[in-house]
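J.: This one is input38.cif, mmCIF, C-alpha atoms and all ligand atoms.
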data_data
#
loop_
_atom_site.label_atom_id
_atom_site.label_comp_id
_atom_site.auth_asym_id
_atom_site.auth_seq_id
_atom_site.Cartn_x
_atom_site.Cartn_y
_atom_site.Cartn_z
CA MET A 1 12.42 6.40 29.36
CA MET A 2 12.15 4.18 26.30
CA THR A 3 8.76 3.81 24.62
CA LYS A 4 8.13 0.25 23.47
CA ILE A 5 6.21 -0.22 20.24
CA LEU A 6 5.08 -3.49 18.75
CA THR A 7 4.81 -3.03 14.98
CA ILE A 8 2.60 -5.42 13.01
CA ILE A 9 3.32 -5.87 9.32
CA GLY A 10 2.51 -8.60 6.84
CA ALA A 11 1.81 -7.36 3.32
CA ARG A 12 4.05 -5.69 0.76
CA PRO A 13 2.91 -2.05 1.11
CA GLN A 14 3.28 -2.31 4.86
CA PHE A 15 6.98 -3.10 4.50
CA VAL A 16 7.43 0.14 2.55
CA LYS A 17 5.62 2.18 5.19
CA ALA A 18 7.40 0.44 8.07
CA ALA A 19 10.80 1.13 6.48
CA ALA A 20 10.24 4.90 6.66
CA ILE A 21 8.94 4.77 10.22
CA SER A 22 11.60 2.39 11.60
CA ARG A 23 14.27 4.75 10.32
CA ALA A 24 12.61 7.69 12.08
CA PHE A 25 12.33 5.66 15.31
CA ILE A 26 16.04 4.87 15.22
CA GLU A 27 16.86 8.57 14.67
CA GLN A 28 14.45 9.57 17.45
CA GLY A 29 16.38 7.40 19.90
CA ASP A 30 13.76 6.98 22.65
CA ILE A 31 11.72 4.28 20.92
CA GLU A 32 12.27 0.54 21.09
CA GLU A 33 10.56 -1.24 18.23
CA ILE A 34 9.63 -4.92 18.19
CA ILE A 35 8.57 -6.08 14.72
CA VAL A 36 6.03 -8.82 14.10
CA HIS A 37 5.70 -10.14 10.53
CA THR A 38 2.44 -12.04 10.24
CA GLY A 39 3.70 -13.88 7.16
CA GLN A 40 0.70 -12.81 5.03
CA HIS A 41 3.12 -12.15 2.14
CA PHE A 42 5.82 -14.77 2.08
CA ASP A 43 7.41 -15.15 -1.37
CA ALA A 44 10.98 -13.83 -1.49
CA ASN A 45 10.01 -11.15 -4.03
CA MET A 46 6.89 -10.15 -2.06
CA SER A 47 8.62 -9.92 1.33
CA ASP A 48 12.35 -10.63 1.93
CA ILE A 49 13.51 -8.33 -0.85
CA PHE A 50 11.89 -5.33 0.86
CA PHE A 51 13.63 -6.05 4.16
CA GLU A 52 16.98 -6.38 2.38
CA GLU A 53 16.71 -3.40 0.03
CA MET A 54 15.07 -1.01 2.45
CA ASN A 55 17.17 -1.99 5.45
CA ILE A 56 14.16 -2.80 7.59
CA PRO A 57 15.23 -4.37 10.89
CA ALA A 58 14.66 -8.15 10.78
CA PRO A 59 11.33 -9.12 12.35
CA ASN A 60 11.56 -10.28 15.94
CA TYR A 61 8.66 -12.65 15.26
CA ASN A 62 7.46 -14.28 12.03
CA LEU A 63 4.08 -15.94 12.33
CA ASN A 64 4.06 -17.50 8.87
CA ILE A 65 0.29 -17.23 8.49
CA ASN A 66 -0.81 -17.01 4.84
CA SER A 67 -2.79 -18.49 1.96
CA LEU A 68 -5.94 -18.90 4.03
CA GLY A 69 -9.48 -17.52 3.77
CA HIS A 70 -10.19 -14.22 5.49
CA GLY A 71 -11.63 -15.80 8.64
CA ALA A 72 -8.88 -18.33 9.20
CA MET A 73 -6.12 -15.86 8.34
CA THR A 74 -7.39 -13.04 10.57
CA GLY A 75 -8.34 -15.46 13.35
CA ARG A 76 -4.98 -17.18 13.55
CA MET A 77 -3.15 -13.87 13.43
CA LEU A 78 -5.33 -12.56 16.27
CA GLU A 79 -4.48 -15.54 18.43
CA GLU A 80 -0.74 -15.41 17.81
CA ILE A 81 -0.40 -11.61 18.09
CA GLU A 82 -2.24 -11.73 21.43
CA LYS A 83 0.40 -14.11 22.80
CA ILE A 84 3.20 -11.81 21.70
CA ILE A 85 1.54 -8.73 23.21
CA LEU A 86 1.16 -10.55 26.52
CA LYS A 87 4.81 -11.50 26.44
CA GLU A 88 6.22 -8.14 25.31
CA ASN A 89 3.80 -5.80 27.11
CA PRO A 90 4.40 -2.84 24.75
CA ASP A 91 3.24 0.75 25.31
CA PHE A 92 1.67 0.77 21.86
CA VAL A 93 0.79 -1.59 19.03
CA MET A 94 1.24 0.04 15.63
CA VAL A 95 -0.65 -1.19 12.55
CA PHE A 96 -0.63 0.02 8.94
CA GLY A 97 -3.27 0.43 6.28
CA ASP A 98 -6.11 -1.98 5.68
CA THR A 99 -5.06 -5.61 5.42
CA ASN A 100 -6.09 -8.63 7.46
CA SER A 101 -2.81 -8.21 9.39
CA THR A 102 -3.90 -4.65 10.31
CA LEU A 103 -7.24 -5.69 11.75
CA ALA A 104 -5.83 -8.69 13.61
CA GLY A 105 -3.12 -6.55 15.24
CA ALA A 106 -5.49 -3.77 16.27
CA LEU A 107 -8.08 -6.14 17.69
CA ALA A 108 -5.57 -8.19 19.67
CA ALA A 109 -4.12 -5.02 21.22
CA LYS A 110 -7.42 -3.33 22.03
CA LYS A 111 -8.81 -6.33 23.87
CA LEU A 112 -5.68 -6.28 26.05
CA HIS A 113 -6.07 -2.53 26.67
CA ILE A 114 -2.88 -1.71 24.81
CA LYS A 115 -3.05 1.58 22.89
CA VAL A 116 -3.39 1.18 19.13
CA ILE A 117 -1.69 3.47 16.61
CA HIS A 118 -3.14 3.30 13.10
CA VAL A 119 -0.91 4.58 10.32
CA GLU A 120 -2.96 5.55 7.24
CA ALA A 121 -6.14 6.12 9.23
CA GLY A 122 -9.30 7.75 7.90
CA LEU A 123 -9.20 6.56 4.31
CA ARG A 124 -12.51 5.48 2.84
CA SER A 125 -13.58 4.00 -0.47
CA PHE A 126 -17.22 3.80 0.70
CA ASN A 127 -17.37 0.34 -0.86
CA MET A 128 -18.16 -2.09 1.93
CA ARG A 129 -17.71 -5.08 -0.38
CA MET A 130 -13.95 -4.53 -0.25
CA PRO A 131 -12.23 -6.46 2.54
CA GLU A 132 -9.89 -3.47 2.88
CA GLU A 133 -12.76 -1.07 3.64
CA VAL A 134 -14.06 -3.34 6.39
CA ASN A 135 -10.56 -3.74 7.84
CA ARG A 136 -9.84 -0.02 7.89
CA ILE A 137 -13.16 1.09 9.35
CA LEU A 138 -12.96 -1.43 12.18
CA THR A 139 -9.30 -0.63 12.84
CA ASP A 140 -9.96 3.12 12.98
CA ARG A 141 -12.79 2.64 15.44
CA ILE A 142 -10.59 0.84 17.99
CA SER A 143 -7.46 2.94 17.50
CA ASP A 144 -6.24 5.46 20.06
CA ILE A 145 -3.96 7.46 17.78
CA LEU A 146 -5.20 7.84 14.22
CA LEU A 147 -2.43 9.04 11.93
CA CYS A 148 -4.06 10.35 8.76
CA PRO A 149 -2.09 10.78 5.53
CA THR A 150 -4.32 13.54 4.11
CA GLN A 151 -6.77 16.25 5.12
CA GLN A 152 -9.46 14.24 3.31
CA ALA A 153 -8.83 11.35 5.70
CA VAL A 154 -9.23 13.70 8.69
CA ASP A 155 -12.49 15.03 7.20
CA ASN A 156 -13.80 11.49 6.67
CA LEU A 157 -13.30 10.74 10.35
CA LYS A 158 -14.96 14.01 11.40
CA LYS A 159 -18.03 13.10 9.35
CA GLU A 160 -18.18 9.76 11.13
CA GLY A 161 -18.26 11.53 14.49
CA TYR A 162 -14.68 10.96 15.60
CA ASP A 163 -14.72 14.37 17.34
CA ASN A 164 -16.88 12.65 19.94
CA ILE A 165 -14.82 9.50 20.25
CA GLU A 166 -11.98 9.27 22.73
CA CYS A 167 -8.95 9.18 20.44
CA LYS A 168 -6.44 11.47 18.79
CA VAL A 169 -6.72 12.25 15.07
CA ILE A 170 -3.63 13.80 13.48
CA ASN A 171 -2.75 14.66 9.87
CA CYS A 172 0.90 13.60 9.56
CA GLY A 173 1.23 13.26 5.80
CA ASP A 174 1.93 10.05 3.99
CA VAL A 175 4.93 7.90 4.89
CA MET A 176 4.94 6.42 1.39
CA GLN A 177 6.20 9.77 0.15
CA ASP A 178 9.04 9.65 2.70
CA ALA A 179 10.02 6.21 1.39
CA ALA A 180 9.74 7.21 -2.28
CA MET A 181 11.93 10.29 -1.81
CA TYR A 182 14.52 8.51 0.28
CA TYR A 183 15.02 5.41 -1.86
CA ALA A 184 14.76 7.29 -5.18
CA GLN A 185 18.12 8.88 -4.35
CA ASN A 186 20.03 5.75 -5.28
CA SER A 187 17.55 3.44 -7.00
CA SER A 188 19.29 3.79 -10.35
CA GLU A 189 22.51 2.32 -8.93
CA GLN A 190 20.60 -0.48 -7.22
CA SER A 191 18.33 -1.57 -10.05
CA SER A 192 18.95 -2.95 -13.52
CA ILE A 193 15.28 -3.47 -14.43
CA ILE A 194 15.29 -0.98 -17.31
CA THR A 195 18.12 -2.81 -19.06
CA LYS A 196 16.78 -6.23 -18.06
CA CYS A 197 13.39 -5.51 -19.64
CA ASN A 198 14.96 -3.74 -22.59
CA LEU A 199 13.15 -0.48 -21.89
CA PHE A 200 15.94 2.01 -22.31
CA ALA A 201 14.75 5.14 -24.20
CA LYS A 202 11.51 3.36 -25.03
CA PRO A 203 8.03 4.54 -24.05
CA PHE A 204 6.25 2.06 -21.80
CA CYS A 205 3.30 1.86 -19.45
CA LEU A 206 3.59 0.35 -15.97
CA ALA A 207 0.57 -1.68 -14.83
CA THR A 208 -0.43 -3.86 -11.87
CA ILE A 209 -3.58 -5.85 -11.01
CA HIS A 210 -4.12 -7.62 -7.71
CA ARG A 211 -7.36 -6.55 -6.01
CA GLN A 212 -9.71 -9.34 -5.14
CA GLU A 213 -12.62 -7.37 -6.65
CA ASN A 214 -10.81 -7.54 -10.04
CA THR A 215 -8.93 -10.83 -9.96
CA ASP A 216 -11.82 -12.90 -8.65
CA ASP A 217 -14.42 -11.46 -11.02
CA GLU A 218 -14.05 -13.07 -14.43
CA SER A 219 -15.65 -10.29 -16.47
CA ARG A 220 -13.77 -7.48 -14.70
CA LEU A 221 -10.46 -9.24 -15.16
CA ALA A 222 -11.24 -9.90 -18.84
CA GLU A 223 -12.04 -6.20 -19.49
CA ILE A 224 -8.82 -5.04 -17.80
CA ILE A 225 -6.68 -7.57 -19.62
CA ASP A 226 -8.34 -6.71 -22.95
CA ALA A 227 -7.57 -3.04 -22.38
CA LEU A 228 -3.93 -3.74 -21.48
CA ASN A 229 -3.61 -6.06 -24.50
CA SER A 230 -4.87 -3.33 -26.77
CA ILE A 231 -2.56 -0.65 -25.26
CA ALA A 232 0.32 -3.14 -25.69
CA GLU A 233 -0.17 -2.87 -29.45
CA LYS A 234 0.79 0.83 -29.18
CA GLU A 235 3.57 0.79 -26.61
CA ALA A 236 5.18 -1.69 -24.24
CA VAL A 237 3.13 -2.50 -21.14
CA ILE A 238 5.14 -3.91 -18.24
CA VAL A 239 3.14 -5.76 -15.60
CA PRO A 240 4.85 -7.08 -12.45
CA LEU A 241 2.27 -9.76 -11.68
CA HIS A 242 1.03 -10.43 -8.15
CA PRO A 243 1.00 -14.21 -7.42
CA ARG A 244 -2.78 -14.14 -7.03
CA THR A 245 -3.25 -12.70 -10.52
CA LYS A 246 -0.63 -14.96 -12.08
CA LYS A 247 -2.33 -18.06 -10.70
CA ILE A 248 -5.66 -17.01 -12.25
CA ILE A 249 -4.19 -16.05 -15.64
CA ASP A 250 -2.27 -19.34 -15.81
CA SER A 251 -5.10 -21.57 -14.66
CA LYS A 252 -7.62 -20.03 -17.07
CA ASN A 253 -5.12 -19.84 -19.92
CA ILE A 254 -5.93 -16.17 -20.47
CA ASP A 255 -4.24 -14.69 -23.53
CA ILE A 256 -1.94 -11.78 -22.64
CA LYS A 257 -0.09 -9.52 -25.04
CA PHE A 258 1.60 -7.34 -22.44
CA THR A 259 4.94 -8.14 -20.76
CA ALA A 260 4.28 -9.97 -17.50
CA ILE A 261 7.25 -10.10 -15.13
CA ASP A 262 7.69 -11.42 -11.58
CA PRO A 263 6.83 -9.03 -8.72
CA VAL A 264 9.63 -6.50 -8.34
CA GLY A 265 11.40 -5.03 -5.32
CA TYR A 266 11.25 -1.40 -4.32
CA PHE A 267 14.26 -0.11 -6.27
CA ASP A 268 13.01 -1.76 -9.47
CA MET A 269 9.56 -0.29 -8.91
CA ILE A 270 11.01 3.19 -8.47
CA GLU A 271 13.00 2.85 -11.69
CA LEU A 272 9.89 1.67 -13.55
CA LEU A 273 7.97 4.62 -12.11
CA LYS A 274 10.67 7.07 -13.12
CA GLY A 275 10.82 5.71 -16.67
CA CYS A 276 7.21 4.95 -17.55
CA SER A 277 4.85 7.15 -19.55
CA MET A 278 1.94 6.47 -17.20
CA VAL A 279 0.67 4.00 -14.57
CA LEU A 280 -2.40 1.75 -14.79
CA THR A 281 -3.33 -0.01 -11.55
CA ASP A 282 -5.82 -1.11 -8.94
CA SER A 283 -3.27 -0.62 -6.14
CA GLY A 284 -3.74 2.16 -3.61
CA GLY A 285 -0.05 2.73 -3.04
CA LEU A 286 0.91 2.84 -6.70
CA GLN A 287 -1.65 5.59 -7.39
CA LYS A 288 0.30 7.84 -5.08
CA GLU A 289 3.68 6.63 -6.21
CA ALA A 290 2.68 7.60 -9.75
CA PHE A 291 2.09 11.13 -8.46
CA PHE A 292 5.39 11.20 -6.51
CA PHE A 293 7.18 10.44 -9.79
CA LYS A 294 5.05 12.92 -11.75
CA LYS A 295 3.07 10.38 -13.75
CA HIS A 296 -0.62 10.20 -14.56
CA CYS A 297 -2.51 7.19 -13.31
CA ILE A 298 -5.48 5.20 -14.56
CA THR A 299 -7.20 3.33 -11.77
CA PHE A 300 -9.24 0.25 -12.60
CA ARG A 301 -11.49 0.51 -9.63
CA ASP A 302 -14.95 2.00 -9.16
CA GLU A 303 -13.67 4.49 -6.59
CA THR A 304 -10.48 5.54 -4.86
CA GLU A 305 -9.51 6.57 -1.36
CA TRP A 306 -7.02 9.07 -2.82
CA VAL A 307 -9.59 11.55 -4.13
CA GLU A 308 -7.16 14.49 -4.10
CA LEU A 309 -5.43 12.86 -7.08
CA ILE A 310 -8.71 12.86 -9.00
CA ASP A 311 -9.57 16.43 -7.98
CA ASN A 312 -6.23 17.63 -9.32
CA GLY A 313 -6.53 15.81 -12.64
CA PHE A 314 -3.65 13.36 -12.03
CA ASN A 315 -5.73 10.20 -11.80
CA THR A 316 -8.83 8.81 -13.54
CA VAL A 317 -11.03 6.11 -12.08
CA THR A 318 -12.25 3.95 -14.96
CA GLY A 319 -13.67 0.87 -13.25
CA ALA A 320 -13.01 -2.34 -15.12
CA ASN A 321 -14.19 -0.80 -18.37
CA LYS A 322 -12.09 -1.30 -21.47
CA GLU A 323 -13.46 1.75 -23.31
CA LYS A 324 -12.91 4.06 -20.34
CA ILE A 325 -9.40 2.72 -19.79
CA GLU A 326 -8.49 3.29 -23.44
CA SER A 327 -10.01 6.73 -23.50
CA ALA A 328 -8.09 7.76 -20.34
CA TYR A 329 -4.94 6.33 -21.91
CA ASN A 330 -5.45 8.51 -25.02
CA THR A 331 -6.02 11.59 -22.87
CA TYR A 332 -2.93 11.01 -20.73
CA LYS A 333 -0.73 10.29 -23.75
CA THR A 334 -0.73 14.00 -24.55
CA LYS A 335 -1.75 15.69 -21.30
CA LYS A 336 0.86 17.72 -19.40
CA SER A 337 0.27 18.37 -15.70
CA ASP A 338 2.05 20.33 -13.02
CA PHE A 339 2.69 17.80 -10.25
CA SER A 340 4.41 20.24 -7.89
CA ILE A 341 1.45 20.61 -5.47
CA ASP A 342 2.10 19.21 -1.96
CA LEU A 343 -0.67 16.68 -1.25
CA TYR A 344 1.07 14.26 1.10
CA GLY A 345 3.34 16.18 3.44
CA GLY A 346 6.43 16.32 1.26
CA GLY A 347 8.32 13.44 2.90
CA THR A 348 8.13 14.53 6.55
CA ALA A 349 5.49 12.08 7.80
CA ALA A 350 7.69 9.52 9.57
CA ASN A 351 9.47 12.11 11.71
CA ARG A 352 6.17 13.69 12.65
CA ILE A 353 4.83 10.27 13.63
CA ALA A 354 7.87 9.48 15.81
CA LYS A 355 7.47 12.85 17.60
CA GLU A 356 3.72 12.36 18.15
CA ILE A 357 4.27 8.94 19.66
CA VAL A 358 6.81 10.17 22.18
CA LEU A 359 4.45 13.05 23.10
CA ASN A 360 1.56 10.65 23.67
CA VAL A 361 3.16 8.06 25.95
C1 LIG A 401 -3.33 -8.05 0.48
C2 LIG A 401 -4.33 -7.06 1.10
C3 LIG A 401 -4.56 -5.90 0.15
C4 LIG A 401 -3.24 -5.24 -0.24
C5 LIG A 401 -2.31 -6.31 -0.81
C6 LIG A 401 -0.96 -5.73 -1.17
C7 LIG A 401 -6.00 -8.12 2.59
C8 LIG A 401 -7.41 -8.46 2.73
N1 LIG A 401 -5.61 -7.69 1.37
O1 LIG A 401 -3.94 -8.59 -0.69
O2 LIG A 401 -5.34 -4.94 0.79
O3 LIG A 401 -3.48 -4.25 -1.22
O4 LIG A 401 -2.14 -7.36 0.17
O5 LIG A 401 -0.27 -6.58 -2.05
O6 LIG A 401 -5.25 -8.21 3.54
N2 LIG A 401 0.39 -14.98 -2.38
C9 LIG A 401 1.52 -15.68 -2.72
N3 LIG A 401 2.72 -15.19 -2.31
C10 LIG A 401 2.85 -14.07 -1.55
C11 LIG A 401 1.68 -13.36 -1.21
C12 LIG A 401 0.45 -13.83 -1.63
O7 LIG A 401 1.46 -16.71 -3.40
O8 LIG A 401 3.97 -13.71 -1.19
C13 LIG A 401 -0.93 -15.53 -2.75
C14 LIG A 401 -1.67 -16.05 -1.50
O9 LIG A 401 -1.34 -17.36 -1.23
C15 LIG A 401 -3.11 -15.91 -1.93
C16 LIG A 401 -3.10 -14.68 -2.83
O10 LIG A 401 -1.74 -14.49 -3.26
O11 LIG A 401 -3.52 -17.02 -2.69
C17 LIG A 401 -3.63 -13.44 -2.14
O12 LIG A 401 -2.80 -13.08 -1.02
P1 LIG A 401 -3.45 -12.33 0.26
O13 LIG A 401 -2.38 -12.01 1.23
O14 LIG A 401 -4.63 -13.07 0.75
O15 LIG A 401 -4.04 -10.99 -0.33
P2 LIG A 401 -3.45 -9.92 -1.37
O16 LIG A 401 -4.20 -10.07 -2.64
O17 LIG A 401 -1.97 -9.95 -1.44
#
Go through the file and emit its structure as structure tokens.
Ligand code: UD1
T.:
Amino acid sequence: MMTKILTIIGARPQFVKAAAISRAFIEQGDIEEIIVHTGQHFDANMSDIFFEEMNIPAPNYNLNINSLGHGAMTGRMLEEIEKIILKENPDFVMVFGDTNSTLAGALAAKKLHIKVIHVEAGLRSFNMRMPEEVNRILTDRISDILLCPTQQAVDNLKKEGYDNIECKVINCGDVMQDAAMYYAQNSSEQSSIITKCNLFAKPFCLATIHRQENTDDESRLAEIIDALNSIAEKEAVIVPLHPRTKKIIDSKNIDIKFTAIDPVGYFDMIELLKGCSMVLTDSGGLQKEAFFFKKHCITFRDETEWVELIDNGFNTVTGANKEKIESAYNTYKTKKSDFSIDLYGGGTAANRIAKEIVLNV
């Protein structure tokens, strides 16, 4: 018997995770997947490019809900996803990570008594001012199958009493590693970013900034940009700019000395990761991708969910503090690390997830 899964995606990192899982579902054979794109990310280079490059099946539904405040965005998604669940009557609704699309999907399903699968469950930053922390805690609490990417995530749930909650908690590893390993095999044939940005045989740093806590706080953004400007005097700093950050830099006429480029697709990102000397970011996904490609990472946040990277000396959390960012940069310029430790399941997560789902119908 076929198991029917309704997958909810909407934001860039969710496309990467869904790509790995959709492939495993197709290989598995007993799973029918219906894909709903909420429309949260909608620019061609924030959405379409991932579907094309990563061969993600075209969404069966596109809700086109974006550019709204948290309440309106989550509310409208909730309403529309509910209609689709009623129409499709799936066995499971699967949601990813911690965005507004995640929470809306989980809530719509739970209220209709449809089982919720949460991919990337159990992560915590312990910073309740982040919309992502609120989204992930609420999603975990109403999920039936919690697929954790790390042992730390399992331990977080245990501490919150999940042993006494009716649900299944499983450590499957991280599907982002599956995607990174799979697409890295031919990214160099698919991408010309290194030539396009004139980076061949040249040391460069790869940086991104998009978190609301950084972009919407003038002094935090200024500190981060100052730090990147000063590193750019030493080596090239390539920054694929999220539309949110670009809008703010443009509207406030902020002086940048680094190389800002449009958001890049997955193959370009892999090539930048392979070629860079280190990564500087506030993204969750990129912190791990840095590790997958054996690069150190400086994280301009006050905490991270991926604490195993800190514990192993691969990542430094600097906050939005120019001095700390520069000092971490100087350390990582010369530091050599052994990145061979297996922290995220070694690229087997999607197959494990497909098997678990079939077992749990
Ligand atoms: C969202 C997630 C965040 C995740 C990130 C990945 C929430 C609360 N946040 O943040 O956890 O790390 O996605 O990138 O769900 N915009 C465009 N074009 C696009 C996408 C966004 O112009 O294709 C603009 C929107 O109109 C808005 C701003 O960027 O003004 C922010 O977009 P939004 O989806 O609200 O949040 P992200 O910052 O992308």
J.: Calculated over only C-alpha atoms and all ligand atoms, which of the candidates A:Leu86, A:Ile225, A:Ile248, A:Leu63 has the smallest distance to ligand LIG 401 (chain A)?
T.: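 Of all the options, A:Ile248 lies closest to ligand LIG 401 (chain A).
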J.: Do you have, as a Markdown table, the list of residues of chain A lying at most 10 Å from ligand LIG 401 (chain A), each with its nearest atom pair and that distance in Å to one decimal, counting all atoms listed in the file and ordered by chain then number?
T.:
| residue | atom | partner | partner_atom | distance |
| --- | --- | --- | --- | --- |
| A:Gly10 | CA | A:LIG401 | O13 | 8.2 |
| A:Ala11 | CA | A:LIG401 | O4 | 5.1 |
| A:Arg12 | CA | A:LIG401 | O5 | 5.2 |
| A:Pro13 | CA | A:LIG401 | C6 | 5.8 |
| A:Gln14 | CA | A:LIG401 | C6 | 8.1 |
| A:Gly39 | CA | A:LIG401 | O8 | 8.4 |
| A:Gln40 | CA | A:LIG401 | O13 | 5.0 |
| A:His41 | CA | A:LIG401 | O8 | 3.8 |
| A:Phe42 | CA | A:LIG401 | O8 | 3.9 |
| A:Asp43 | CA | A:LIG401 | O8 | 3.7 |
| A:Ala44 | CA | A:LIG401 | O8 | 7.0 |
| A:Asn45 | CA | A:LIG401 | O8 | 7.1 |
| A:Met46 | CA | A:LIG401 | O8 | 4.7 |
| A:Ser47 | CA | A:LIG401 | O8 | 6.5 |
| A:Asp48 | CA | A:LIG401 | O8 | 9.5 |
| A:Ile65 | CA | A:LIG401 | O13 | 9.3 |
| A:Asn66 | CA | A:LIG401 | O9 | 6.1 |
| A:Ser67 | CA | A:LIG401 | O9 | 3.7 |
| A:Leu68 | CA | A:LIG401 | O14 | 6.8 |
| A:Gly69 | CA | A:LIG401 | O14 | 7.2 |
| A:His70 | CA | A:LIG401 | C8 | 7.0 |
| A:Met73 | CA | A:LIG401 | O14 | 8.2 |
| A:Thr74 | CA | A:LIG401 | O6 | 8.8 |
| A:Gly97 | CA | A:LIG401 | O2 | 8.0 |
| A:Asp98 | CA | A:LIG401 | O2 | 5.8 |
| A:Thr99 | CA | A:LIG401 | O6 | 3.2 |
| A:Asn100 | CA | A:LIG401 | O6 | 4.0 |
| A:Ser101 | CA | A:LIG401 | O6 | 6.3 |
| A:Thr102 | CA | A:LIG401 | O6 | 7.8 |
| A:Leu103 | CA | A:LIG401 | O6 | 8.8 |
| A:Met130 | CA | A:LIG401 | C8 | 8.2 |
| A:Pro131 | CA | A:LIG401 | C8 | 5.2 |
| A:Glu132 | CA | A:LIG401 | O2 | 5.2 |
| A:Glu133 | CA | A:LIG401 | O2 | 8.8 |
| A:Val134 | CA | A:LIG401 | C8 | 9.2 |
| A:Asn135 | CA | A:LIG401 | C8 | 7.6 |
| A:Arg136 | CA | A:LIG401 | O2 | 9.7 |
| A:Ile209 | CA | A:LIG401 | O16 | 9.4 |
| A:His210 | CA | A:LIG401 | O16 | 5.6 |
| A:Arg211 | CA | A:LIG401 | O16 | 5.8 |
| A:Gln212 | CA | A:LIG401 | O16 | 6.1 |
| A:Glu213 | CA | A:LIG401 | O16 | 9.7 |
| A:Thr215 | CA | A:LIG401 | O16 | 8.7 |
| A:His242 | CA | A:LIG401 | O10 | 6.9 |
| A:Pro243 | CA | A:LIG401 | O7 | 4.8 |
| A:Arg244 | CA | A:LIG401 | O10 | 3.9 |
| A:Thr245 | CA | A:LIG401 | O10 | 7.6 |
| A:Lys246 | CA | A:LIG401 | O10 | 8.9 |
| A:Lys247 | CA | A:LIG401 | O11 | 8.2 |
| A:Ile248 | CA | A:LIG401 | O11 | 9.8 |
| A:Pro263 | CA | A:LIG401 | O8 | 9.3 |
| A:Asp282 | CA | A:LIG401 | O3 | 8.7 |
| A:Ser283 | CA | A:LIG401 | O3 | 6.1 |
| A:Gly284 | CA | A:LIG401 | O3 | 6.8 |
| A:Gly285 | CA | A:LIG401 | O3 | 8.0 |
| A:Leu286 | CA | A:LIG401 | O3 | 10.0 |
J.: If I take atom CA of A:Thr139 and atom CA of A:Phe92, how far is one from the other in Å, to one decimal?
T.: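 Value for the atom CA of A:Thr139-atom CA of A:Phe92 distance: 14.3 Å.
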J.: Compare A:Phe314, A:Gly29, A:Asn321, A:Ser125 by their minimum atom-to-atom distance to A:Leu221, counting all atoms listed in the file, and give me the closest one.
T.: A:Asn321
J.: At most 12 Å from (14.7, 3.7, 22.1), file frame, all atoms listed in the file: which residues, as a list in words?
T.: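 Answer for this query, in the requested form: Met1, Met2, Thr3, Lys4, Ile5, Ser22, Arg23, Ala24, Phe25, Ile26, Glu27, Gln28, Gly29, Asp30, Ile31, Glu32, Glu33, Ile34, Ala354, Ile357 and Val358 of chain A.
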J.: Those same residues - C-alpha atoms - I'd like them written as a PDB file, in the frame of the given file.
T.:
ATOM      1  CA  MET A   1      12.420   6.400  29.360  1.00  0.00           C
ATOM      2  CA  MET A   2      12.150   4.180  26.300  1.00  0.00           C
ATOM      3  CA  THR A   3       8.760   3.810  24.620  1.00  0.00           C
ATOM      4  CA  LYS A   4       8.130   0.250  23.470  1.00  0.00           C
ATOM      5  CA  ILE A   5       6.210  -0.220  20.240  1.00  0.00           C
ATOM      6  CA  SER A  22      11.600   2.390  11.600  1.00  0.00           C
ATOM      7  CA  ARG A  23      14.270   4.750  10.320  1.00  0.00           C
ATOM      8  CA  ALA A  24      12.610   7.690  12.080  1.00  0.00           C
ATOM      9  CA  PHE A  25      12.330   5.660  15.310  1.00  0.00           C
ATOM     10  CA  ILE A  26      16.040   4.870  15.220  1.00  0.00           C
ATOM     11  CA  GLU A  27      16.860   8.570  14.670  1.00  0.00           C
ATOM     12  CA  GLN A  28      14.450   9.570  17.450  1.00  0.00           C
ATOM     13  CA  GLY A  29      16.380   7.400  19.900  1.00  0.00           C
ATOM     14  CA  ASP A  30      13.760   6.980  22.650  1.00  0.00           C
ATOM     15  CA  ILE A  31      11.720   4.280  20.920  1.00  0.00           C
ATOM     16  CA  GLU A  32      12.270   0.540  21.090  1.00  0.00           C
ATOM     17  CA  GLU A  33      10.560  -1.240  18.230  1.00  0.00           C
ATOM     18  CA  ILE A  34       9.630  -4.920  18.190  1.00  0.00           C
ATOM     19  CA  ALA A 354       7.870   9.480  15.810  1.00  0.00           C
ATOM     20  CA  ILE A 357       4.270   8.940  19.660  1.00  0.00           C
ATOM     21  CA  VAL A 358       6.810  10.170  22.180  1.00  0.00           C
TER      22      VAL A 358
END
J.: Rank nothing, just name the residue among A:Ile310, A:Asp302, A:Thr38, A:Tyr266 nearest to A:Asn127, using only C-alpha atoms.
T.: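 Distance minimum relative to A:Asn127 lands on A:Asp302.
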J.: Write out as a ChimeraX atom specification which residues come within 10 Å of A:Met278 when counting all atoms listed in the file, dropping same-chain ones fewer than 6 positions away.
T.: /A:203-207,237,272,290-291,293-298,329,332-333
J.: How many Å lie between atom CA of A:Val175 and atom CA of A:Ser340, rounded to one decimal?
T.: 17.8 Å
J.: Name the closest residue to A:Tyr61 among the candidates A:Leu112, A:Ala106, A:Ile8, A:Phe292; distances are taken between atoms, counting all atoms listed in the file.
T.: A:Ile8
J.: Taking only C-alpha atoms into account, name the residue in A:Lys335, A:Gly71, A:Ile81, A:Phe51 that is nearest to A:Val36.
T.: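 Ranking A:Lys335, A:Gly71, A:Ile81, A:Phe51 by distance to A:Val36, first place goes to A:Ile81.
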J.: Which residue out of A:Lys202, A:Lys168, A:Ile238, A:Leu157 has the minimum interatomic distance to A:Met269 when all atoms listed in the file are used?
T.: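 Counting all atoms listed in the file, the residue closest to A:Met269 is A:Ile238.
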J.: So the first atom is atom CA of A:Asp217 and the second is atom CA of A:Glu323; what is the distance between them in Å, to one decimal place?
T.: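 Pair atom CA of A:Asp217 / atom CA of A:Glu323 returns 18.1 Å.
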